[in-house]
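Colleague: Contents of model.pdb (PDB, C-alpha atoms):
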```pdb
MODEL        1
ATOM      1  CA  MET P 241     -18.527  13.679 -29.679
ATOM      2  CA  SER P 242     -17.177  10.456 -31.203
ATOM      3  CA  GLU P 243     -14.610  10.266 -28.349
ATOM      4  CA  ALA P 244     -17.434  10.329 -25.796
ATOM      5  CA  LYS P 245     -19.172   7.494 -27.631
ATOM      6  CA  ALA P 246     -15.966   5.458 -27.739
ATOM      7  CA  GLU P 247     -15.451   6.053 -24.014
ATOM      8  CA  LYS P 248     -19.041   5.017 -23.279
ATOM      9  CA  LYS P 249     -18.710   1.806 -25.315
ATOM     10  CA  LYS P 250     -15.493   0.875 -23.532
ATOM     11  CA  LYS P 251     -17.047   0.759 -20.048
ATOM     12  CA  PRO P 252     -17.881  -2.842 -19.148
ATOM     13  CA  ARG P 253     -21.402  -3.919 -18.267
ATOM     14  CA  GLY P 254     -22.906  -6.147 -15.601
ATOM     15  CA  PHE P 255     -20.545  -7.799 -13.119
ATOM     16  CA  ALA P 256     -17.510  -6.457 -15.004
ATOM     17  CA  GLY P 257     -19.010  -2.951 -14.760
ATOM     18  CA  VAL P 258     -19.316  -3.252 -10.981
ATOM     19  CA  ILE P 259     -15.650  -4.291 -10.705
ATOM     20  CA  TYR P 260     -14.701  -1.455 -13.081
ATOM     21  CA  ASN P 261     -16.518   1.130 -10.946
ATOM     22  CA  GLN P 262     -14.911  -0.164  -7.747
ATOM     23  CA  LEU P 263     -11.323  -0.351  -8.993
ATOM     24  CA  MET P 264     -10.923   2.539 -11.445
ATOM     25  CA  PRO P 265     -10.350   5.138  -8.678
ATOM     26  CA  LEU P 266      -6.989   3.405  -8.071
ATOM     27  CA  ASN P 267      -5.658   5.202 -11.159
ATOM     28  CA  ASP P 268      -5.832   8.489  -9.188
ATOM     29  CA  ILE P 269      -4.100   7.172  -6.049
ATOM     30  CA  GLU P 270      -0.345   7.774  -5.831
ATOM     31  CA  LYS P 271       0.238   4.804  -3.498
ATOM     32  CA  PHE P 272      -1.178   2.444  -6.141
ATOM     33  CA  LYS P 273       0.782   4.064  -8.968
ATOM     34  CA  GLY P 274       4.043   3.826  -7.038
ATOM     35  CA  LYS P 275       3.578   0.306  -5.695
ATOM     36  CA  TYR P 276       2.530  -1.168  -9.054
ATOM     37  CA  LYS P 277       4.668   0.968 -11.391
ATOM     38  CA  GLU P 278       6.636  -2.074 -12.575
ATOM     39  CA  THR P 279       3.799  -4.595 -12.518
ATOM     40  CA  ASP P 280       2.212  -6.318 -15.497
ATOM     41  CA  LEU P 281      -0.629  -8.520 -14.273
ATOM     42  CA  LYS P 282      -3.978  -9.854 -15.466
ATOM     43  CA  ILE P 283      -6.548 -11.338 -13.106
ATOM     44  CA  LEU P 284      -9.797 -12.879 -14.331
ATOM     45  CA  LEU P 285     -12.877 -12.703 -12.117
ATOM     46  CA  ASN P 286     -15.673 -14.830 -13.514
ATOM     47  CA  ALA P 287     -19.153 -14.761 -12.020
ATOM     48  CA  LYS P 288     -20.374 -18.049 -13.522
ATOM     49  CA  ASP P 289     -24.017 -16.994 -13.316
ATOM     50  CA  GLY P 290     -23.393 -13.586 -14.939
ATOM     51  CA  ARG P 291     -23.051 -12.617 -18.582
ATOM     52  CA  HIS P 292     -19.592 -11.080 -18.357
ATOM     53  CA  ALA P 293     -16.345 -11.902 -16.623
ATOM     54  CA  ALA P 294     -14.045  -9.083 -15.500
ATOM     55  CA  LEU P 295     -10.437  -9.055 -16.677
ATOM     56  CA  ILE P 296      -8.427  -6.788 -14.378
ATOM     57  CA  ILE P 297      -5.316  -5.485 -16.098
ATOM     58  CA  ILE P 298      -2.511  -3.794 -14.177
ATOM     59  CA  ASP P 299       0.008  -2.307 -16.584
ATOM     60  CA  LYS P 300       2.892  -0.376 -15.027
ATOM     61  CA  GLY P 301       0.872   1.585 -12.468
ATOM     62  CA  THR P 302      -2.321   1.837 -14.521
ATOM     63  CA  LEU P 303      -5.401  -0.274 -13.970
ATOM     64  CA  ASP P 304      -8.125  -1.172 -16.443
ATOM     65  CA  VAL P 305     -11.038  -3.607 -16.387
ATOM     66  CA  GLU P 306     -12.445  -5.286 -19.485
ATOM     67  CA  GLY P 307     -15.748  -7.098 -19.717
ATOM     68  CA  ILE P 308     -15.405 -10.498 -21.384
ATOM     69  CA  PRO P 309     -18.586 -12.353 -22.409
ATOM     70  CA  ASN P 310     -18.486 -15.663 -20.553
ATOM     71  CA  LYS P 311     -20.886 -17.771 -22.613
ATOM     72  CA  ASP P 312     -17.958 -19.246 -24.553
ATOM     73  CA  LYS P 313     -15.736 -20.859 -21.907
ATOM     74  CA  ASP P 314     -12.893 -21.196 -24.444
ATOM     75  CA  ALA P 315     -12.723 -17.384 -24.661
ATOM     76  CA  LEU P 316     -11.845 -17.259 -20.941
ATOM     77  CA  LYS P 317      -8.898 -19.635 -21.118
ATOM     78  CA  LYS P 318      -5.475 -18.585 -19.922
ATOM     79  CA  ASP P 319      -3.830 -18.982 -23.326
ATOM     80  CA  VAL P 320      -6.488 -16.721 -24.926
ATOM     81  CA  LEU P 321      -6.572 -13.875 -22.382
ATOM     82  CA  GLY P 322      -3.124 -14.258 -20.813
ATOM     83  CA  TRP P 323      -4.285 -14.030 -17.198
ATOM     84  CA  GLU P 324      -1.995 -15.052 -14.355
ATOM     85  CA  GLY P 325      -4.698 -15.471 -11.714
ATOM     86  CA  LYS P 326      -8.349 -16.531 -11.856
ATOM     87  CA  LEU P 327     -11.176 -16.495  -9.343
ATOM     88  CA  GLU P 328     -14.432 -18.106 -10.419
ATOM     89  CA  THR P 329     -17.650 -18.446  -8.416
ATOM     90  CA  THR P 330     -21.260 -17.216  -8.345
ATOM     91  CA  THR P 331     -22.323 -13.585  -8.003
ATOM     92  CA  PRO P 332     -23.713 -14.001  -4.442
ATOM     93  CA  ILE P 333     -20.404 -15.492  -3.254
ATOM     94  CA  PHE P 334     -18.484 -12.625  -4.917
ATOM     95  CA  LEU P 335     -20.741 -10.190  -3.045
ATOM     96  CA  ASP P 336     -20.085 -12.015   0.241
ATOM     97  CA  LEU P 337     -16.336 -11.836  -0.450
ATOM     98  CA  ALA P 338     -16.477  -8.135  -1.312
ATOM     99  CA  THR P 339     -18.512  -7.197   1.762
ATOM    100  CA  GLY P 340     -16.450  -9.330   4.136
ATOM    101  CA  LYS P 341     -19.338 -11.629   5.050
ATOM    102  CA  LEU P 342     -17.202 -14.712   4.372
ATOM    103  CA  SER P 343     -14.572 -15.580   6.975
ATOM    104  CA  THR P 344     -11.250 -17.108   6.002
ATOM    105  CA  MET P 345     -12.571 -20.512   7.051
ATOM    106  CA  GLY P 346     -15.724 -19.910   5.012
ATOM    107  CA  VAL P 347     -13.626 -19.140   1.943
ATOM    108  CA  LEU P 348     -11.502 -22.244   2.502
ATOM    109  CA  GLY P 349     -14.652 -24.335   2.834
ATOM    110  CA  LYS P 350     -15.988 -22.996  -0.450
ATOM    111  CA  ILE P 351     -12.654 -23.702  -2.170
ATOM    112  CA  ILE P 352     -12.635 -27.264  -0.822
ATOM    113  CA  THR P 353     -16.228 -27.850  -1.967
ATOM    114  CA  ARG P 354     -15.316 -26.289  -5.362
ATOM    115  CA  LYS P 355     -17.859 -23.463  -5.007
ATOM    116  CA  ILE P 356     -14.899 -21.132  -5.462
ATOM    117  CA  LYS P 357     -12.356 -22.056  -8.130
ATOM    118  CA  LEU P 358      -8.981 -20.441  -7.753
ATOM    119  CA  LYS P 359      -5.914 -20.528  -9.993
ATOM    120  CA  GLY P 360      -2.734 -18.557  -9.352
ATOM    121  CA  MET P 361      -3.514 -17.813  -5.709
ATOM    122  CA  LYS P 362      -0.548 -15.448  -5.202
ATOM    123  CA  LYS P 363      -1.677 -13.332  -8.143
ATOM    124  CA  VAL P 364      -5.317 -13.281  -6.992
ATOM    125  CA  MET P 365      -4.158 -12.145  -3.535
ATOM    126  CA  VAL P 366      -3.172  -8.815  -5.168
ATOM    127  CA  LEU P 367      -6.905  -8.028  -5.115
ATOM    128  CA  ILE P 368      -6.803  -7.826  -1.314
ATOM    129  CA  ASP P 369      -4.039  -5.231  -1.577
ATOM    130  CA  LEU P 370      -5.981  -3.236  -4.179
ATOM    131  CA  PHE P 371      -9.066  -3.063  -1.973
ATOM    132  CA  THR P 372      -6.886  -2.182   1.050
ATOM    133  CA  ILE P 373      -5.365   0.754  -0.864
ATOM    134  CA  LEU P 374      -8.865   1.934  -1.829
ATOM    135  CA  ASP P 375     -10.084   1.600   1.762
ATOM    136  CA  GLU P 376      -7.087   3.499   3.191
ATOM    137  CA  HIS P 377      -7.558   6.250   0.621
ATOM    138  CA  ALA P 378     -11.266   6.574   1.442
ATOM    139  CA  LYS P 379     -10.475   6.835   5.189
ATOM    140  CA  ASN P 380      -7.836   9.518   4.557
ATOM    141  CA  ASP P 381     -10.308  11.552   2.493
ATOM    142  CA  ALA P 382     -13.028  11.341   5.148
TER     143      ALA P 382
ENDMDL
END
```
Can you give me the file's structure in the form of structure tokens?
Modeller:
Amino acid sequence: MSEAKAEKKKKPRGFAGVIYNQLMPLNDIEKFKGKYKETDLKILLNAKDGRHAALIIIDKGTLDVEGIPNKDKDALKKDVLGWEGKLETTTPIFLDLATGKLSTMGVLGKIITRKIKLKGMKKVMVLIDLFTILDEHAKNDA
């Protein structure tokens, strides 16, 4: 029973919980495990208007997501969390990105106007691959 409680506590809440629920199925997909079996990567997604940021951790073919309270901006710094890529914007813009409502030009416009802050672009681009793997897997199961 204590293991169930520990497992329940570990699951992130809020924005980080949404990211957790979307990405955790990757751990059961062989294509992900094989492609990322030698990868160590941390990507921070921070919804500035939310209570928690999501730290995506890829560790040798295993993915995890941690919720990081984002009230203290110092706690989100690269030297504290060790992330290699960071994407920071508001929750509605994250939703538009996730649902494909923003075109490439729309994203570029938001980066130029600083509505989307991006660091380590190559590392953040891994997210596109992760969602592509999930999408392909869902289509194959259908």
Colleague: Neighbourhood query: residues within 10 Å of (-24.4, -15.9, -16.0), file coordinates, counting only C-alpha atoms; return as a ChimeraX atom specification.
Modeller: /P:254-255,286-293,309-311,330-331
Colleague: Which of these, P:Asp369, P:Asp304, P:Trp323, P:Thr329, has the shortest distance to Pro265 in chain P once you count only C-alpha atoms?
Modeller: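 Ranked by minimum distance to Pro265 in chain P, first place goes to P:Asp304.
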Colleague: Report, in Å with one decimal, the straight-line distance from CA of Asn380 in chain P to CA of Leu263 in chain P.
Modeller: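 Going from CA of Asn380 in chain P over to CA of Leu263 in chain P covers 17.1 Å.
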Colleague: Please compute the CA of Asp375 in chain P-CA of Ser343 in chain P distance, one decimal, in Å.
Modeller: 18.5 Å
Colleague: List the neighbours of range 354-363 of chain P out to 8 Å using all atoms listed in the file; skip same-chain residues closer than 6 positions along the sequence, and give me the result as JSON, numbers by chain.
Modeller: {"P": [281, 283, 324, 325, 326, 327, 328, 329, 330, 347]}
Colleague: Sorted by chain and rising residue number, which residues of range 294-381 of chain P lie within 9 Å of range 267-271 of chain P, and what are their closest atom pairs and distances in Å to one decimal, counting all atoms listed in the file, as a tab-separated table?
Modeller:
```
residue	atom	partner	partner_atom	distance
P:Gly301	CA	P:Asn267	CA	7.6
P:Thr302	CA	P:Asn267	CA	5.8
P:Leu303	CA	P:Asn267	CA	6.2
P:Asp304	CA	P:Asn267	CA	8.6
P:Ile373	CA	P:Lys271	CA	7.4
P:Leu374	CA	P:Ile269	CA	8.2
P:His377	CA	P:Ile269	CA	7.6
```
Colleague: Name the residues in contact with Val320 in chain P at a cut-off of 12 Å, using all atoms listed in the file, excluding same-chain residues fewer than 4 positions from it; report them as a VMD selection string.
Modeller: chain P and resid 282 284 295 308 312 to 316 324
Colleague: My list of candidates is P:Val364, P:Ala294, P:Ala338, P:Ala378. Which is closest to Lys251 in chain P when distances are computed with only C-alpha atoms?
Modeller: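 Selected residue with least distance to Lys251 in chain P: P:Ala294.
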Colleague: Would you mind reading off the distance between CA of Gly349 in chain P and CA of Ile296 in chain P, one decimal, in Å?
Modeller: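 Rounded to one decimal, the two atoms are 25.4 Å apart.
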Colleague: Just need the box for range 348-353 of chain P, edges along x, y and z, holding every atom the file lists for it with 4 Å tacked onto each side, so centre and edge lengths in Å to one decimal, as lines of an AutoDock Vina configuration file.
Modeller:
```
center_x = -13.9
center_y = -25.0
center_z = 0.3
size_x = 12.7
size_y = 13.6
size_z = 13.0
```
Colleague: Only N, CA and C atoms, please: range 314-362 of chain P from the block, as an mmCIF file, in the first residue's frame.
Modeller:
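Written output follows (result-v5.cif):
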```
data_model
loop_
_atom_site.group_PDB
_atom_site.id
_atom_site.type_symbol
_atom_site.label_atom_id
_atom_site.label_comp_id
_atom_site.auth_asym_id
_atom_site.auth_seq_id
_atom_site.Cartn_x
_atom_site.Cartn_y
_atom_site.Cartn_z
ATOM 1 N N ASP P 314 14.495 30.993 -9.961
ATOM 2 C CA ASP P 314 15.856 30.468 -9.785
ATOM 3 C C ASP P 314 15.867 28.941 -9.804
ATOM 4 N N ALA P 315 14.760 28.319 -9.351
ATOM 5 C CA ALA P 315 14.683 26.861 -9.310
ATOM 6 C C ALA P 315 14.578 26.252 -10.710
ATOM 7 N N LEU P 316 14.281 27.078 -11.717
ATOM 8 C CA LEU P 316 14.134 26.593 -13.085
ATOM 9 C C LEU P 316 15.383 26.803 -13.936
ATOM 10 N N LYS P 317 16.408 27.368 -13.335
ATOM 11 C CA LYS P 317 17.616 27.688 -14.101
ATOM 12 C C LYS P 317 18.338 26.435 -14.568
ATOM 13 N N LYS P 318 19.064 26.596 -15.656
ATOM 14 C CA LYS P 318 19.791 25.496 -16.272
ATOM 15 C C LYS P 318 20.788 24.850 -15.313
ATOM 16 N N ASP P 319 21.506 25.656 -14.550
ATOM 17 C CA ASP P 319 22.519 25.090 -13.655
ATOM 18 C C ASP P 319 21.895 24.366 -12.460
ATOM 19 N N VAL P 320 20.613 24.606 -12.177
ATOM 20 C CA VAL P 320 19.933 23.910 -11.075
ATOM 21 C C VAL P 320 19.348 22.577 -11.565
ATOM 22 N N LEU P 321 18.650 22.611 -12.696
ATOM 23 C CA LEU P 321 17.955 21.423 -13.193
ATOM 24 C C LEU P 321 18.758 20.622 -14.224
ATOM 25 N N GLY P 322 19.715 21.261 -14.862
ATOM 26 C CA GLY P 322 20.549 20.567 -15.845
ATOM 27 C C GLY P 322 19.874 20.329 -17.181
ATOM 28 N N TRP P 323 18.895 21.140 -17.542
ATOM 29 C CA TRP P 323 18.231 20.959 -18.835
ATOM 30 C C TRP P 323 19.113 21.430 -19.984
ATOM 31 N N GLU P 324 18.885 20.798 -21.144
ATOM 32 C CA GLU P 324 19.623 21.187 -22.354
ATOM 33 C C GLU P 324 18.769 22.024 -23.296
ATOM 34 N N GLY P 325 17.454 21.936 -23.143
ATOM 35 C CA GLY P 325 16.536 22.706 -23.973
ATOM 36 C C GLY P 325 15.392 23.237 -23.122
ATOM 37 N N LYS P 326 14.883 24.426 -23.501
ATOM 38 C CA LYS P 326 13.808 25.042 -22.717
ATOM 39 C C LYS P 326 12.834 25.729 -23.659
ATOM 40 N N LEU P 327 11.558 25.514 -23.407
ATOM 41 C CA LEU P 327 10.492 26.181 -24.135
ATOM 42 C C LEU P 327 9.579 26.806 -23.093
ATOM 43 N N GLU P 328 9.404 28.122 -23.187
ATOM 44 C CA GLU P 328 8.625 28.837 -22.181
ATOM 45 C C GLU P 328 7.609 29.741 -22.874
ATOM 46 N N THR P 329 6.349 29.593 -22.494
ATOM 47 C CA THR P 329 5.281 30.446 -23.023
ATOM 48 C C THR P 329 4.059 30.299 -22.115
ATOM 49 N N THR P 330 2.909 30.760 -22.583
ATOM 50 C CA THR P 330 1.679 30.654 -21.784
ATOM 51 C C THR P 330 0.958 29.344 -22.111
ATOM 52 N N THR P 331 0.067 28.943 -21.238
ATOM 53 C CA THR P 331 -0.686 27.702 -21.441
ATOM 54 C C THR P 331 -1.480 27.714 -22.754
ATOM 55 N N PRO P 332 -2.206 28.793 -23.089
ATOM 56 C CA PRO P 332 -2.949 28.773 -24.360
ATOM 57 C C PRO P 332 -2.045 28.578 -25.589
ATOM 58 N N ILE P 333 -0.855 29.153 -25.562
ATOM 59 C CA ILE P 333 0.060 28.977 -26.703
ATOM 60 C C ILE P 333 0.577 27.543 -26.736
ATOM 61 N N PHE P 334 0.850 26.943 -25.562
ATOM 62 C CA PHE P 334 1.240 25.526 -25.533
ATOM 63 C C PHE P 334 0.129 24.674 -26.134
ATOM 64 N N LEU P 335 -1.116 24.964 -25.790
ATOM 65 C CA LEU P 335 -2.242 24.198 -26.332
ATOM 66 C C LEU P 335 -2.326 24.358 -27.850
ATOM 67 N N ASP P 336 -2.115 25.573 -28.348
ATOM 68 C CA ASP P 336 -2.123 25.800 -29.793
ATOM 69 C C ASP P 336 -0.991 25.035 -30.478
ATOM 70 N N LEU P 337 0.166 24.973 -29.829
ATOM 71 C CA LEU P 337 1.294 24.205 -30.374
ATOM 72 C C LEU P 337 0.950 22.716 -30.415
ATOM 73 N N ALA P 338 0.402 22.221 -29.320
ATOM 74 C CA ALA P 338 0.112 20.787 -29.199
ATOM 75 C C ALA P 338 -0.975 20.334 -30.169
ATOM 76 N N THR P 339 -1.933 21.195 -30.450
ATOM 77 C CA THR P 339 -3.039 20.821 -31.331
ATOM 78 C C THR P 339 -2.777 21.184 -32.786
ATOM 79 N N GLY P 340 -1.632 21.799 -33.058
ATOM 80 C CA GLY P 340 -1.280 22.140 -34.429
ATOM 81 C C GLY P 340 -1.971 23.382 -34.966
ATOM 82 N N LYS P 341 -2.552 24.176 -34.087
ATOM 83 C CA LYS P 341 -3.251 25.390 -34.525
ATOM 84 C C LYS P 341 -2.283 26.494 -34.952
ATOM 85 N N LEU P 342 -1.036 26.417 -34.488
ATOM 86 C CA LEU P 342 -0.043 27.420 -34.863
ATOM 87 C C LEU P 342 0.776 26.916 -36.051
ATOM 88 N N SER P 343 0.837 27.712 -37.102
ATOM 89 C CA SER P 343 1.668 27.367 -38.256
ATOM 90 C C SER P 343 3.125 27.649 -37.909
ATOM 91 N N THR P 344 4.014 27.221 -38.781
ATOM 92 C CA THR P 344 5.436 27.499 -38.577
ATOM 93 C C THR P 344 5.678 29.002 -38.519
ATOM 94 N N MET P 345 5.031 29.735 -39.411
ATOM 95 C CA MET P 345 5.180 31.195 -39.415
ATOM 96 C C MET P 345 4.598 31.804 -38.138
ATOM 97 N N GLY P 346 3.512 31.240 -37.649
ATOM 98 C CA GLY P 346 2.921 31.717 -36.401
ATOM 99 C C GLY P 346 3.865 31.520 -35.229
ATOM 100 N N VAL P 347 4.521 30.360 -35.204
ATOM 101 C CA VAL P 347 5.500 30.076 -34.149
ATOM 102 C C VAL P 347 6.662 31.051 -34.249
ATOM 103 N N LEU P 348 7.169 31.250 -35.461
ATOM 104 C CA LEU P 348 8.286 32.188 -35.646
ATOM 105 C C LEU P 348 7.898 33.594 -35.198
ATOM 106 N N GLY P 349 6.688 34.003 -35.517
ATOM 107 C CA GLY P 349 6.208 35.315 -35.091
ATOM 108 C C GLY P 349 6.177 35.446 -33.585
ATOM 109 N N LYS P 350 5.746 34.387 -32.912
ATOM 110 C CA LYS P 350 5.677 34.418 -31.448
ATOM 111 C C LYS P 350 7.070 34.392 -30.823
ATOM 112 N N ILE P 351 8.026 33.734 -31.489
ATOM 113 C CA ILE P 351 9.409 33.748 -31.001
ATOM 114 C C ILE P 351 9.996 35.156 -31.161
ATOM 115 N N ILE P 352 9.753 35.755 -32.323
ATOM 116 C CA ILE P 352 10.270 37.106 -32.580
ATOM 117 C C ILE P 352 9.691 38.117 -31.592
ATOM 118 N N THR P 353 8.397 37.993 -31.291
ATOM 119 C CA THR P 353 7.760 38.934 -30.361
ATOM 120 C C THR P 353 7.970 38.526 -28.903
ATOM 121 N N ARG P 354 8.767 37.473 -28.681
ATOM 122 C CA ARG P 354 9.133 36.988 -27.341
ATOM 123 C C ARG P 354 7.938 36.433 -26.559
ATOM 124 N N LYS P 355 6.887 36.014 -27.258
ATOM 125 C CA LYS P 355 5.775 35.333 -26.587
ATOM 126 C C LYS P 355 6.121 33.868 -26.360
ATOM 127 N N ILE P 356 7.066 33.376 -27.148
ATOM 128 C CA ILE P 356 7.643 32.048 -26.942
ATOM 129 C C ILE P 356 9.134 32.257 -26.745
ATOM 130 N N LYS P 357 9.652 31.769 -25.611
ATOM 131 C CA LYS P 357 11.091 31.832 -25.360
ATOM 132 C C LYS P 357 11.654 30.434 -25.548
ATOM 133 N N LEU P 358 12.730 30.371 -26.320
ATOM 134 C CA LEU P 358 13.296 29.095 -26.697
ATOM 135 C C LEU P 358 14.793 29.114 -26.467
ATOM 136 N N LYS P 359 15.299 28.094 -25.799
ATOM 137 C CA LYS P 359 16.746 27.927 -25.620
ATOM 138 C C LYS P 359 17.084 26.487 -25.962
ATOM 139 N N GLY P 360 18.164 26.299 -26.702
ATOM 140 C CA GLY P 360 18.563 24.946 -27.108
ATOM 141 C C GLY P 360 17.590 24.369 -28.123
ATOM 142 N N MET P 361 17.398 25.090 -29.224
ATOM 143 C CA MET P 361 16.377 24.718 -30.207
ATOM 144 C C MET P 361 16.506 23.277 -30.706
ATOM 145 N N LYS P 362 17.722 22.821 -30.976
ATOM 146 C CA LYS P 362 17.910 21.445 -31.465
ATOM 147 C C LYS P 362 17.382 20.428 -30.457
#
```
